[in-house]
Every structure is written in structure tokens, then in C-alpha cells.
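Source file: start39.tsv; contents: TSV, C-alpha atoms.
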chain	number	residue	atom	x	y	z
A	15	MET	CA	0.00	0.00	0.00
A	16	ALA	CA	1.38	3.41	-1.00
A	17	ALA	CA	2.65	5.76	1.68
A	18	VAL	CA	0.46	8.78	2.47
A	19	ASP	CA	1.49	12.30	3.41
A	20	VAL	CA	0.81	13.56	6.94
A	21	PRO	CA	0.22	17.35	6.87
A	22	VAL	CA	-0.04	19.80	9.77
A	23	PRO	CA	-3.76	20.18	10.59
A	24	ASP	CA	-5.63	23.41	11.25
A	25	ILE	CA	-3.71	25.28	13.98
A	26	GLY	CA	-5.65	28.51	13.86
A	27	GLU	CA	-4.00	31.68	12.64
A	28	PHE	CA	-0.48	30.58	13.59
A	29	THR	CA	2.19	30.25	10.89
A	30	ASP	CA	5.87	29.31	10.97
A	31	VAL	CA	5.43	27.42	14.23
A	32	PRO	CA	8.67	25.79	15.48
A	33	VAL	CA	9.01	22.03	15.81
A	34	VAL	CA	10.26	21.34	19.34
A	35	GLU	CA	10.09	17.54	19.36
A	36	VAL	CA	10.16	14.75	16.80
A	37	LEU	CA	8.69	11.69	18.49
A	38	VAL	CA	9.15	9.06	15.77
A	39	SER	CA	11.83	7.70	13.47
A	40	VAL	CA	11.71	5.93	10.11
A	41	GLY	CA	10.44	2.40	10.57
A	42	ASP	CA	8.47	3.09	13.75
A	43	GLU	CA	5.03	1.54	13.92
A	44	VAL	CA	2.36	3.90	15.24
A	45	GLU	CA	-1.32	3.68	15.97
A	46	ALA	CA	-3.97	6.15	14.86
A	47	GLU	CA	-3.84	9.43	16.84
A	48	ALA	CA	-0.35	8.65	18.16
A	49	PRO	CA	1.71	11.88	18.34
A	50	LEU	CA	4.37	12.28	15.66
A	51	ILE	CA	5.82	15.72	16.42
A	52	VAL	CA	5.25	18.53	18.92
A	53	LEU	CA	4.81	22.17	17.90
A	54	GLU	CA	5.01	25.05	20.32
A	55	THR	CA	3.83	28.64	20.01
A	56	ASP	CA	4.18	31.35	22.64
A	57	LYS	CA	0.79	30.24	23.98
A	58	ALA	CA	0.65	26.45	23.91
A	59	SER	CA	2.20	23.21	22.70
A	60	MET	CA	0.42	20.96	20.23
A	61	GLU	CA	1.01	17.38	19.14
A	62	VAL	CA	0.42	16.46	15.49
A	63	PRO	CA	-1.10	12.97	15.48
A	64	ALA	CA	-0.92	10.13	12.96
A	65	PRO	CA	-4.11	10.06	10.85
A	66	SER	CA	-4.12	6.24	10.90
A	67	ALA	CA	-2.15	3.26	12.09
A	68	GLY	CA	0.91	2.36	10.07
A	69	THR	CA	4.68	2.51	9.69
A	70	VAL	CA	6.68	5.73	9.41
A	71	ASP	CA	8.14	5.77	5.90
A	72	GLU	CA	9.85	9.17	6.03
A	73	VAL	CA	10.22	12.04	8.52
A	74	LYS	CA	10.34	15.34	6.67
A	75	VAL	CA	11.01	17.78	9.54
A	76	SER	CA	13.58	18.17	12.27
A	77	VAL	CA	13.68	19.95	15.61
A	78	GLY	CA	14.03	23.67	14.94
A	79	ASP	CA	12.19	23.64	11.61
A	80	THR	CA	9.09	25.82	11.28
A	81	VAL	CA	5.79	24.61	9.84
A	82	SER	CA	2.34	25.95	9.03
A	83	GLU	CA	-1.04	24.41	8.27
A	84	GLY	CA	-0.62	21.98	5.37
A	85	THR	CA	3.12	21.43	5.75
A	86	VAL	CA	3.91	17.75	5.20
A	87	ILE	CA	5.79	16.48	8.25
A	88	ALA	CA	6.04	12.76	7.43
A	89	THR	CA	4.87	9.98	5.15
A	90	LEU	CA	3.11	6.96	6.61
A	91	GLU	CA	2.63	3.50	5.12
A	92	PRO	CA	-0.85	2.48	6.29
A	93	ALA	CA	-1.16	-0.70	8.33
A	94	GLY	CA	-2.86	-3.79	6.95
A	95	GLU	CA	-6.10	-5.21	8.27
A	96	ASP	CA	-4.31	-6.62	11.29
A	97	GLY	CA	-3.75	-3.06	12.46
A	98	GLY	CA	-0.01	-3.14	11.81
A	99	GLY	CA	0.58	-2.19	15.39
A	100	GLY	CA	1.74	-5.65	16.41
A	101	GLU	CA	2.24	-5.97	20.10
A	102	GLU	CA	3.92	-2.59	20.41
A	103	PRO	CA	1.95	-0.21	22.62
A	104	ALA	CA	0.64	3.03	21.11
A	105	SER	CA	2.83	6.11	21.17
A	106	SER	CA	-0.06	7.92	22.80
A	107	ASP	CA	0.68	5.84	25.88
A	108	ALA	CA	4.08	7.51	26.11
A	109	GLY	CA	3.17	9.80	28.97
A	110	ALA	CA	1.86	6.94	31.10
A	111	ALA	CA	4.88	4.77	30.35
A	112	ALA	CA	7.22	7.59	31.30
A	113	GLU	CA	5.47	7.99	34.65
A	114	ASP	CA	5.36	4.25	35.46
A	115	ASP	CA	8.52	2.17	35.14
A	116	SER	CA	6.50	-0.98	35.77
A	117	ALA	CA	4.76	-0.67	32.38
A	118	GLY	CA	7.30	-3.09	30.88
A	119	SER	CA	10.29	-2.74	28.63
A	120	ASP	CA	8.30	-2.63	25.36
A	121	ALA	CA	6.02	0.16	26.62
A	122	GLU	CA	9.02	2.04	27.92
A	123	ALA	CA	10.74	1.80	24.55
A	124	SER	CA	7.72	3.15	22.70
A	125	ALA	CA	7.42	6.00	25.21
A	126	GLU	CA	10.90	7.25	24.48
A	127	ALA	CA	11.33	9.87	21.80
A	128	GLU	CA	14.86	9.80	20.43
A	129	ALA	CA	16.43	12.91	18.95
A	130	GLU	CA	20.02	13.68	18.08
A	131	SER	CA	21.51	16.21	20.47
A	132	GLU	CA	23.09	19.34	19.04
A	133	GLY	CA	26.70	18.46	18.60
A	134	GLY	CA	26.21	15.32	20.67
A	135	ASP	CA	27.50	11.83	19.90
A	136	GLY	CA	24.25	9.91	20.18
A	137	PRO	CA	20.52	10.00	20.73
A	138	ILE	CA	18.90	11.40	23.83
A	139	HIS	CA	16.50	8.92	25.46
A	140	ALA	CA	13.64	10.78	27.13
A	141	SER	CA	9.86	10.63	27.05
A	142	PRO	CA	7.81	13.52	25.62
A	143	SER	CA	6.73	14.55	29.11
A	144	VAL	CA	10.36	14.76	30.28
A	145	ARG	CA	11.32	16.75	27.19
A	146	ARG	CA	8.48	19.18	27.82
A	147	LEU	CA	9.58	19.57	31.46
A	148	ALA	CA	13.15	20.21	30.35
A	149	ARG	CA	12.02	22.94	27.97
A	150	GLU	CA	10.01	24.63	30.70
A	151	ARG	CA	13.07	24.63	32.96
A	152	ALA	CA	15.43	25.66	30.13
A	153	ILE	CA	17.54	22.55	30.68
A	154	ASP	CA	19.65	21.18	27.81
A	155	LEU	CA	19.05	17.42	27.82
A	156	ALA	CA	22.40	16.89	26.11
A	157	THR	CA	24.07	17.84	29.40
A	158	ILE	CA	22.10	15.29	31.45
A	159	THR	CA	23.17	11.72	32.21
A	160	GLY	CA	20.06	9.58	32.50
A	161	SER	CA	19.65	7.34	35.53
A	162	GLY	CA	16.73	5.35	34.12
A	163	ARG	CA	16.80	1.98	32.42
A	164	GLY	CA	19.09	2.05	29.38
A	165	GLY	CA	20.27	5.57	30.19
A	166	ARG	CA	16.78	7.03	29.92
A	167	ILE	CA	16.43	10.54	31.41
A	168	VAL	CA	13.74	10.64	34.10
A	169	PRO	CA	12.19	13.64	35.93
A	170	GLU	CA	14.42	13.08	38.95
A	171	ASP	CA	17.47	13.71	36.76
A	172	LEU	CA	16.11	17.17	35.94
A	173	ASP	CA	15.47	17.88	39.62
A	174	ARG	CA	19.14	17.23	40.36
A	175	VAL	CA	20.25	19.93	37.94
A	176	GLY	CA	19.32	22.56	40.52
A	177	GLY	CA	20.06	26.15	39.59
A	178	SER	CA	21.68	25.52	36.23
A	179	ALA	CA	18.40	26.12	34.41
A	180	SER	CA	18.17	29.62	35.82
A	181	ASP	CA	21.75	30.26	34.81
A	182	GLN	CA	20.95	29.23	31.23
A	183	ALA	CA	17.84	31.43	31.13
A	184	ALA	CA	19.58	34.46	32.65
A	185	PRO	CA	21.01	35.98	29.44
A	186	ALA	CA	17.51	36.39	27.95
A	187	ALA	CA	16.41	38.44	30.94
A	188	GLU	CA	19.64	40.48	30.94
A	189	ASP	CA	19.22	41.28	27.25
A	190	GLY	CA	16.02	43.23	27.86
A	191	ALA	CA	17.41	46.77	27.92
A	192	GLY	CA	16.05	48.78	25.00
A	193	PRO	CA	17.32	52.01	23.43
A	194	GLY	CA	17.83	54.70	26.02
A	195	LEU	CA	17.34	52.30	28.94
A	196	ALA	CA	19.95	51.48	31.53
A	197	PRO	CA	21.19	47.85	31.48
A	198	TRP	CA	19.57	45.37	33.81
A	199	PRO	CA	21.34	45.37	37.20
A	200	GLN	CA	23.67	42.45	37.81
A	201	VAL	CA	23.53	41.48	41.49
A	202	ASP	CA	25.21	38.69	43.42
A	203	PHE	CA	22.15	37.88	45.51
A	204	GLU	CA	23.94	35.13	47.47
A	205	LYS	CA	26.27	37.80	48.81
A	206	TYR	CA	23.49	39.08	51.07
A	207	GLY	CA	22.06	35.81	52.32
A	208	GLU	CA	20.55	32.47	51.45
A	209	VAL	CA	18.51	32.28	48.23
A	210	GLU	CA	16.55	29.71	46.27
A	211	ARG	CA	16.40	29.66	42.47
A	212	VAL	CA	13.11	28.61	40.87
A	213	GLU	CA	12.86	28.17	37.11
A	214	LEU	CA	10.18	30.11	35.26
A	215	SER	CA	7.84	27.98	33.19
A	216	ARG	CA	8.00	28.34	29.43
A	217	ILE	CA	4.60	30.05	29.43
A	218	ARG	CA	5.87	32.67	31.89
A	219	ARG	CA	9.08	33.26	29.93
A	220	LEU	CA	7.36	33.68	26.59
A	221	GLY	CA	4.38	35.50	28.06
A	222	GLY	CA	6.68	37.88	29.90
A	223	ALA	CA	8.27	39.00	26.64
A	224	ASN	CA	4.83	39.69	25.15
A	225	LEU	CA	3.70	41.61	28.23
A	226	ALA	CA	6.83	43.76	28.20
A	227	ARG	CA	6.32	44.52	24.51
A	228	ASN	CA	2.67	45.43	25.02
A	229	TRP	CA	3.40	47.64	28.03
A	230	VAL	CA	6.16	49.55	26.25
A	231	ARG	CA	4.51	49.94	22.85
A	232	ILE	CA	0.90	50.61	23.89
A	233	PRO	CA	0.11	53.84	25.78
A	234	HIS	CA	-2.06	52.40	28.55
A	235	VAL	CA	-4.70	54.29	30.51
A	236	THR	CA	-6.93	52.52	33.05
A	237	HIS	CA	-10.46	53.66	33.94
A	238	HIS	CA	-12.01	52.31	37.15
A	239	GLU	CA	-15.76	51.90	37.67
A	240	ASP	CA	-18.09	50.33	40.23
A	241	ALA	CA	-21.00	48.21	38.98
A	242	ASP	CA	-24.02	47.36	41.11
A	243	ILE	CA	-24.57	43.61	40.60
A	244	THR	CA	-27.02	43.00	43.43
A	245	GLU	CA	-29.83	41.77	41.15
A	246	LEU	CA	-27.42	40.07	38.78
A	247	GLU	CA	-25.94	37.97	41.58
A	248	ALA	CA	-29.44	36.98	42.69
A	249	PHE	CA	-30.23	36.00	39.10
A	250	ARG	CA	-27.03	33.93	38.89
A	251	LYS	CA	-27.88	32.03	42.05
A	252	GLN	CA	-31.41	31.44	40.79
A	253	LEU	CA	-30.08	29.98	37.53
A	254	ASN	CA	-27.81	27.59	39.39
A	255	ALA	CA	-30.63	26.54	41.71
A	256	GLU	CA	-32.97	25.82	38.79
A	257	GLN	CA	-30.56	23.69	36.77
A	258	SER	CA	-27.52	21.54	37.48
A	259	ASP	CA	-26.16	20.98	33.98
A	260	VAL	CA	-23.58	23.78	34.21
A	261	ARG	CA	-22.41	26.19	36.88
A	262	VAL	CA	-23.03	29.79	35.90
A	263	THR	CA	-20.23	32.05	37.14
A	264	MET	CA	-20.02	35.82	37.15
A	265	VAL	CA	-17.48	35.61	34.30
A	266	SER	CA	-20.15	33.97	32.13
A	267	LEU	CA	-22.40	36.96	32.71
A	268	LEU	CA	-19.53	39.40	32.17
A	269	LEU	CA	-18.83	37.84	28.79
A	270	LYS	CA	-22.42	38.39	27.69
A	271	ALA	CA	-22.58	41.92	29.09
A	272	SER	CA	-19.25	42.83	27.49
A	273	ALA	CA	-20.36	41.61	24.08
A	274	ALA	CA	-23.44	43.84	24.29
A	275	THR	CA	-21.32	46.84	25.27
A	276	LEU	CA	-18.74	46.16	22.56
A	277	ALA	CA	-21.57	46.16	20.00
A	278	ALA	CA	-22.56	49.62	21.24
A	279	PHE	CA	-18.92	50.87	21.19
A	280	PRO	CA	-17.30	49.21	18.14
A	281	GLU	CA	-13.99	51.06	18.48
A	282	PHE	CA	-13.28	48.88	21.54
A	283	ASN	CA	-13.78	45.71	19.45
A	284	ALA	CA	-11.00	46.65	17.07
A	285	SER	CA	-7.29	46.52	16.25
A	286	LEU	CA	-4.91	49.23	15.14
A	287	ASP	CA	-3.22	48.31	11.84
A	288	GLY	CA	-0.84	51.06	10.79
A	289	GLU	CA	-2.97	54.15	10.21
A	290	GLU	CA	-6.21	52.17	9.98
A	291	LEU	CA	-8.53	50.94	12.69
A	292	VAL	CA	-9.90	47.46	11.93
A	293	LEU	CA	-13.45	47.30	13.31
A	294	LYS	CA	-14.47	43.68	13.84
A	295	ARG	CA	-18.04	42.56	13.29
A	296	TYR	CA	-17.56	39.42	15.35
A	297	PHE	CA	-17.26	39.09	19.12
A	298	HIS	CA	-14.63	36.53	20.14
A	299	LEU	CA	-13.82	37.15	23.80
A	300	GLY	CA	-10.77	35.87	25.63
A	301	PHE	CA	-10.63	35.22	29.35
A	302	ALA	CA	-7.50	34.87	31.48
A	303	ALA	CA	-7.25	31.38	32.98
A	304	ASP	CA	-4.95	30.70	35.91
A	305	THR	CA	-3.03	27.43	35.43
A	306	PRO	CA	-0.11	25.77	37.26
A	307	ARG	CA	2.20	26.88	34.43
A	308	GLY	CA	0.97	30.46	34.26
A	309	LEU	CA	-1.81	32.50	32.69
A	310	VAL	CA	-3.27	31.48	29.35
A	311	VAL	CA	-6.14	33.13	27.47
A	312	PRO	CA	-8.70	30.76	25.91
A	313	VAL	CA	-11.16	32.36	23.48
A	314	ILE	CA	-14.93	31.89	23.30
A	315	ARG	CA	-16.21	32.69	19.82
A	316	ASP	CA	-19.41	34.51	18.85
A	317	VAL	CA	-20.30	35.40	22.42
A	318	ASP	CA	-23.08	37.68	21.22
A	319	ALA	CA	-24.92	34.74	19.59
A	320	LYS	CA	-24.78	32.37	22.59
A	321	GLY	CA	-27.00	32.08	25.64
A	322	ILE	CA	-25.79	32.28	29.23
A	323	LEU	CA	-25.90	28.51	29.81
A	324	ALA	CA	-24.00	27.80	26.59
A	325	LEU	CA	-21.35	30.35	27.58
A	326	ALA	CA	-21.10	28.88	31.07
A	327	GLY	CA	-20.58	25.38	29.66
A	328	GLU	CA	-17.92	26.50	27.20
A	329	LEU	CA	-16.18	28.55	29.89
A	330	THR	CA	-16.03	25.51	32.18
A	331	GLU	CA	-14.72	23.24	29.42
A	332	LEU	CA	-12.02	25.62	28.23
A	333	SER	CA	-10.91	26.42	31.79
A	334	GLY	CA	-10.49	22.71	32.51
A	335	ARG	CA	-8.53	22.13	29.30
A	336	ALA	CA	-6.33	25.12	30.15
A	337	ARG	CA	-5.47	23.73	33.59
A	338	GLU	CA	-4.61	20.37	32.03
A	339	GLY	CA	-2.41	21.99	29.39
A	340	LYS	CA	-4.55	20.58	26.57
A	341	LEU	CA	-5.57	23.75	24.76
A	342	GLY	CA	-4.69	23.92	21.09
A	343	PRO	CA	-3.24	27.11	19.57
A	344	GLY	CA	-6.48	27.73	17.69
A	345	GLU	CA	-8.38	27.85	20.98
A	346	MET	CA	-6.32	30.86	22.08
A	347	ALA	CA	-6.38	32.83	18.84
A	348	GLY	CA	-8.64	35.47	17.34
A	349	ALA	CA	-9.80	37.33	20.45
A	350	THR	CA	-11.23	40.82	19.98
A	351	PHE	CA	-11.41	41.72	23.69
A	352	THR	CA	-10.20	40.08	26.91
A	353	ILE	CA	-11.53	39.77	30.45
A	354	SER	CA	-9.16	39.18	33.36
A	355	SER	CA	-11.02	38.35	36.56
A	356	LEU	CA	-9.51	38.23	40.05
A	357	GLY	CA	-12.97	37.81	41.58
A	358	GLY	CA	-12.18	34.55	43.33
A	359	ILE	CA	-9.08	36.03	44.97
A	360	GLY	CA	-9.61	39.66	45.93
A	361	GLY	CA	-8.46	43.18	45.25
A	362	THR	CA	-10.26	46.45	44.61
A	363	ALA	CA	-8.66	47.64	41.35
A	364	PHE	CA	-5.68	46.95	39.11
A	365	THR	CA	-4.23	47.77	35.69
A	366	PRO	CA	-4.50	44.81	33.31
A	367	ILE	CA	-2.06	44.87	30.37
A	368	ILE	CA	-3.66	45.00	26.93
A	369	ASN	CA	-3.30	41.84	24.89
A	370	ALA	CA	-2.05	43.10	21.50
A	371	PRO	CA	-3.42	43.47	18.87
A	372	GLU	CA	-6.54	44.21	20.92
A	373	VAL	CA	-7.13	47.81	22.04
A	374	ALA	CA	-8.73	47.20	25.43
A	375	ILE	CA	-8.96	44.69	28.28
A	376	LEU	CA	-11.36	44.49	31.22
A	377	GLY	CA	-10.07	43.71	34.70
A	378	VAL	CA	-12.52	42.55	37.38
A	379	THR	CA	-11.97	42.28	41.13
A	380	ARG	CA	-13.93	40.68	43.95
A	381	SER	CA	-17.40	42.01	44.60
A	382	ALA	CA	-18.18	43.51	48.02
A	383	HIS	CA	-21.20	44.91	49.84
A	384	LYS	CA	-21.07	48.69	50.15
A	385	PRO	CA	-23.47	51.34	51.43
A	386	VAL	CA	-24.99	53.13	48.43
A	387	TRP	CA	-27.09	56.31	48.65
A	388	ASP	CA	-30.46	55.76	46.94
A	389	GLY	CA	-31.60	59.38	47.23
A	390	GLU	CA	-33.10	58.98	50.66
A	391	ARG	CA	-30.84	56.65	52.62
A	392	PHE	CA	-27.83	54.38	52.41
A	393	VAL	CA	-28.69	50.81	51.44
A	394	PRO	CA	-26.39	47.78	51.17
A	395	ARG	CA	-25.60	46.88	47.55
A	396	LEU	CA	-23.27	44.29	46.04
A	397	VAL	CA	-20.66	46.20	44.04
A	398	LEU	CA	-18.20	44.82	41.46
A	399	GLY	CA	-15.00	46.71	40.67
A	400	LEU	CA	-14.22	47.14	36.96
A	401	SER	CA	-10.81	48.22	35.61
A	402	LEU	CA	-10.69	48.97	31.89
A	403	SER	CA	-7.25	49.44	30.32
A	404	TYR	CA	-7.35	50.97	26.84
A	405	ASP	CA	-5.00	52.03	24.07
A	406	HIS	CA	-4.97	55.84	24.22
A	407	ARG	CA	-3.97	56.06	20.54
A	408	VAL	CA	-7.42	54.70	19.67
A	409	ILE	CA	-9.65	55.51	22.64
A	410	ASP	CA	-9.87	58.71	24.67
A	411	GLY	CA	-10.93	59.08	28.28
A	412	ALA	CA	-14.49	60.19	27.56
A	413	ALA	CA	-15.15	57.14	25.37
A	414	ALA	CA	-13.72	54.85	28.05
A	415	ALA	CA	-15.94	56.44	30.70
A	416	ARG	CA	-19.02	55.98	28.50
A	417	PHE	CA	-18.05	52.37	27.78
A	418	CYS	CA	-17.73	51.56	31.49
A	419	ALA	CA	-20.95	53.37	32.35
A	420	HIS	CA	-22.78	51.37	29.68
A	421	LEU	CA	-21.26	48.10	30.89
A	422	ALA	CA	-22.17	48.90	34.50
A	423	GLY	CA	-25.73	49.60	33.35
A	424	VAL	CA	-25.95	46.23	31.58
A	425	LEU	CA	-24.63	44.46	34.68
A	426	ARG	CA	-27.14	46.31	36.81
A	427	ASP	CA	-30.01	45.11	34.59
A	428	MET	CA	-29.19	42.27	32.17
A	429	ARG	CA	-32.47	42.88	30.37
A	430	ARG	CA	-30.54	45.60	28.53
A	431	VAL	CA	-28.86	42.92	26.38
A	432	LEU	CA	-32.28	42.22	24.87
A	433	LEU	CA	-32.73	45.79	23.69
Go ahead and express the file in the form of C-alpha cells.
Amino acid sequence: MAAVDVPVPDIGEFTDVPVVEVLVSVGDEVEAEAPLIVLETDKASMEVPAPSAGTVDEVKVSVGDTVSEGTVIATLEPAGEDGGGGEEPASSDAGAAAEDDSAGSDAEASAEAEAESEGGDGPIHASPSVRRLARERAIDLATITGSGRGGRIVPEDLDRVGGSASDQAAPAAEDGAGPGLAPWPQVDFEKYGEVERVELSRIRRLGGANLARNWVRIPHVTHHEDADITELEAFRKQLNAEQSDVRVTMVSLLLKASAATLAAFPEFNASLDGEELVLKRYFHLGFAADTPRGLVVPVIRDVDAKGILALAGELTELSGRAREGKLGPGEMAGATFTISSLGGIGGTAFTPIINAPEVAILGVTRSAHKPVWDGERFVPRLVLGLSLSYDHRVIDGAAAARFCAHLAGVLRDMRRVLL
């Protein structure tokens, strides 16, 4: 049977994405959906799976190459009717095999992804999960001697490296001085007392560069507003009491209210492209999700066309996938506006950093009961703090104030979204 090409599938709007792992070699037998290579953007990693069971006939990419949707990464000779997988376990079991040495020697062998080290004399034996951990800690696997069976590198070997990962990552941080800025201070911290070095995750390292760029290149202004959500909170609790399919959170309601306000103020649902403002007629809203590896921003599409329960369900699903590190690049692309909520933690106000190429971002803090004057007396009301950061090249202070007043009005009475 003739070999078939394996192209890169739809990965959203990303192009020229680097290959960070090649998990197979020529002659390897793989099962359908077994990972062949790993791609990594500044937002997430993504495995490209085999479309069917078979034998790897040719690998067309190497670590460090860049690919886009449609790029052929390998050719695969489809398996016969017997499945062609033999008794070899699937590559998709690699993570489990790497975590459990008792899985047997065959499973362990299939879990290992072999790649030639840069300038090294032989292959590096490490599972995909160990390779991913090494990248997050900025550890060069070529410098590690594996203590596992057959010289395999295991997570404990990375733990023994200690502070070397920070030392490797240090030049990137020291390189950050721009034109007219003083160089980053070089300090011998150990001189003053005991310290501990903790490696930044890859998400934090890459995200930090984007945040620094956005802060420097976008003239930020933040407008703060209080929104009375007394009735809205009662409505939320009523929804959750009446149904148990999904849990409606305040972020779900904020997404819907924000979409309605963005429709009324289209310059906030836009991007600056040279001397033109691109006004978007769709409402794809991102929300900041806190994960063990750092913040990521999943995107819910067409928020204006979805009901509260549908939004709540999608929010829950994407948040769970974010925490598990299973979001694909396409699930974090295309946002027109972002919401960053600290409601479950605290705070009264903050300045969220705009997520370029968007022109605004909404920060939300924890709601609190406050005495509010109703014209005759002070009454207790539940108040939510809003912090809107906006690009002052596109939006002026009066427009931002009107936007926040409109949003606060929608949150005060969600029936406004029906108008």
C-alpha cells in the first residue's frame, strides 16, 4: 500500500510554528492518533497525530524547523487489516509509560522519543513529558546523564540539575534593555544571604516577553468603575438553583454583558493596523485562565450569539482544558477583547495589560457589599469593581468612561442585552 502524506492540521492563525520535538523515526510503527511531532507557540504546545495506524516511511522535519497548516511532516505507510501495530503499545501511551517504570520494557521503549543532540554523539533517550519539562526549565538534555533503564532521562534527573536552568535562562532576561534604557542590574544575591532559584515555566518566559512589549509599545490608561450587581448575583444564584447541567459564574455573565457593550462601542472591538482601525463585526472574547504553568487566554467565539448557559458550559470546558495543558493554539487565537477576573481572589482595582493586537482589556476584582445612597438613605448593595485598560492612541478618556458606564448599566439590569 502506497505511503500517504501527513500534513499539519488546522492550527488557527499561527504560521511558521517551530518544531520542538520529533517523536518518531523511520520504521516506527504507530497507531492512529499517536503523536508524531510537537509544535510550540508562545501560547501552547500541540502534538500532530498520525491520521491512521501504520509505519513511518519518512520524517520530513527536524527539531528547529518551522511549519504551518498543510506542511507535510512525514509519510506513513498504512497498516494492513491486522492493524499493523503488532504488540507494540501506542505512542499515545508515552506519557503513562514515562510515569510508570512498571509498564514493561516494550512500553518504555515506545514511550521514548529519540532525537540527536546538538553536537552530541548519540541520541537522547527521554519521554515527551520529560522533554516538555526540560524545555520549561530551560535545561539542555544533552548535558544530562540519564539514571533510568538504558540511560533514559527521568524527571528526577532534571530535579538534580538545581540552579543551572536559571543560569541558562539568565542571558535572555539580561538582554532586555532597549534604546535609552539602563542595562539590567547584575547582582550577586547570594552575597546578602541564602537564596533559592526557581525556574520560570516556558509560558511565563514567553508571556513575559509579550507583556513587556505590550506595556512599552501601547500607551495604557486605566479607567475604574463600580458596577451594582445585586440583582445580577441573585439572578445567577437562581439559575444555578434551577438547573444543574452547568455552573453559571459571574465571568459567564460578564462575557455576555461585554459583548453587548462592545456592540454599542465598536472602536473597543478593534485593532490598530498602521494608520487604519480594523473594526471587527464578530465578538470573540478571551478570558485569562490561571493554570499551574501560568496564565493562558482561551477564546470563546461569537459570544453575542450564545445564551448564558452555553457560555457557562464553554467557559467551564475551556478552563479545565487550560489547567490540564490541553488547549490547542487555535483555541487561544482570534480574540477581539479580553476579560481578566480576580474575583475569586480579591483586590479592589488593578491595571491589566492590553493583549495586542486588541485595544482594550477588562479587569474585574472581587465584589463587596457597600453602602450606596439611593436618594433617601444608604442601602447595602453588592458592588463589582471594573478596571478597563485601553489604548490611548485609539480611545480617549471620555469614550472609556461611556463604555464603562454602559457596561455597568448592563450588569445592573441584564435585560438591557435584549434591547
Give me, please, the distance in Å between atom CA of Pro371 of chain A and atom CA of Asp287 of chain A, quoted to one decimal.
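A separation of 8.5 Å between them.
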Find the residues around Asp24 of chain A up to 9 Å (all atoms listed in the file counted), leave out those fewer than 3 positions away in its own chain, and share them as a list in words.
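Surrounding residues, per the criterion: Glu27, Ser82, Glu83, Gly84 and Gly344 of chain A.
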Restricting the calculation to only C-alpha atoms, which member of A:Pro199, A:Val75, A:Gly327, A:Thr55 is positioned closest to Asp259 of chain A?
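Answer, going by the shortest atom-to-atom distance: A:Gly327.
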Tell me which residues come within 12 Å of (-26.2, 51.0, 32.8), as a ChimeraX atom specification, counting all atoms listed in the file in the file's coordinates.
/A:239-243,271-272,274-275,415-431
Please, could you write that set of residues out with C-alpha atoms as a compact mmCIF listing (two decimals), keeping the file's coordinate frame?
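out-v5.txt, written as the output of this step:
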# COMPACT_ATOMS: atom_id res chain seq x y z
CA GLU A 239 -15.76 51.90 37.67
CA ASP A 240 -18.09 50.33 40.23
CA ALA A 241 -21.00 48.21 38.98
CA ASP A 242 -24.02 47.36 41.11
CA ILE A 243 -24.57 43.61 40.60
CA ALA A 271 -22.58 41.92 29.09
CA SER A 272 -19.25 42.83 27.49
CA ALA A 274 -23.44 43.84 24.29
CA THR A 275 -21.32 46.84 25.27
CA ALA A 415 -15.94 56.44 30.70
CA ARG A 416 -19.02 55.98 28.50
CA PHE A 417 -18.05 52.37 27.78
CA CYS A 418 -17.73 51.56 31.49
CA ALA A 419 -20.95 53.37 32.35
CA HIS A 420 -22.78 51.37 29.68
CA LEU A 421 -21.26 48.10 30.89
CA ALA A 422 -22.17 48.90 34.50
CA GLY A 423 -25.73 49.60 33.35
CA VAL A 424 -25.95 46.23 31.58
CA LEU A 425 -24.63 44.46 34.68
CA ARG A 426 -27.14 46.31 36.81
CA ASP A 427 -30.01 45.11 34.59
CA MET A 428 -29.19 42.27 32.17
CA ARG A 429 -32.47 42.88 30.37
CA ARG A 430 -30.54 45.60 28.53
CA VAL A 431 -28.86 42.92 26.38
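Each of A:Gly342, A:Pro280, A:Gly321, A:Gly308 was checked against Ser266 of chain A using only C-alpha atoms; the smallest atom-to-atom distance is that of A:Gly321.
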Shell of 7 Å around segment 361-366 of chain A, only C-alpha atoms, local chain residues under 5 positions omitted, as a PyMOL selection string:
chain A and resi 236+375+377+379-380+399+401+403
Please produce a file of the residues just selected, as a CSV table (one decimal), in the frame of the given file, where the atoms kept are C-alpha atoms.
chain,number,residue,atom,x,y,z
A,236,THR,CA,-6.9,52.5,33.0
A,375,ILE,CA,-9.0,44.7,28.3
A,377,GLY,CA,-10.1,43.7,34.7
A,379,THR,CA,-12.0,42.3,41.1
A,380,ARG,CA,-13.9,40.7,44.0
A,399,GLY,CA,-15.0,46.7,40.7
A,401,SER,CA,-10.8,48.2,35.6
A,403,SER,CA,-7.2,49.4,30.3
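When only C-alpha atoms are used to compute distances to Arg219 of chain A, the closest of the residues A:Ala17, A:Ala374, A:Ala152, A:Val168 turns out to be A:Ala152.
Taking atom CA of Val22 of chain A and atom CA of Glu43 of chain A as the two end points, the separation is 19.4 Å.
Reported to one decimal place, the separation of atom CA of Leu220 of chain A from atom CA of Met346 of chain A is 14.7 Å.
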Set the distance at 6 Å and use only C-alpha atoms: which residues neighbour Glu35 of chain A once local chain neighbours fewer than 4 positions away are removed? I'd like the list as a PyMOL selection string.
chain A and resi 51-52+77
Need the shell around Arg261 of chain A: protein/DNA/RNA residues with any atom at most 8 Å away, counting all atoms listed in the file. Skip same-chain ones fewer than 4 positions apart. Format as a PyMOL selection string?
chain A and resi 254+326-327+330
Proximity to Leu267 of chain A - best of A:Glu170, A:Glu45, A:Glu328, A:Glu247, only C-alpha atoms
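Distance minimum relative to Leu267 of chain A lands on A:Glu247.
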Top pick for closest residue to Thr80 of chain A, considering A:Ile158, A:Val34, A:Leu172, A:Val313 and counting only C-alpha atoms:
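So, comparing all the options, the nearest one is A:Val34.
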Taking all atoms listed in the file into account, name the residue in A:Leu309, A:Arg391, A:Glu47, A:Glu331 that is nearest to Leu225 of chain A.
A:Leu309
Surrounding residues of Ala347 of chain A excluding itself and chain neighbours under 4 positions, 9 Å, all atoms listed in the file, as a VMD selection string
chain A and resid 26 to 28 300 311 to 313 343
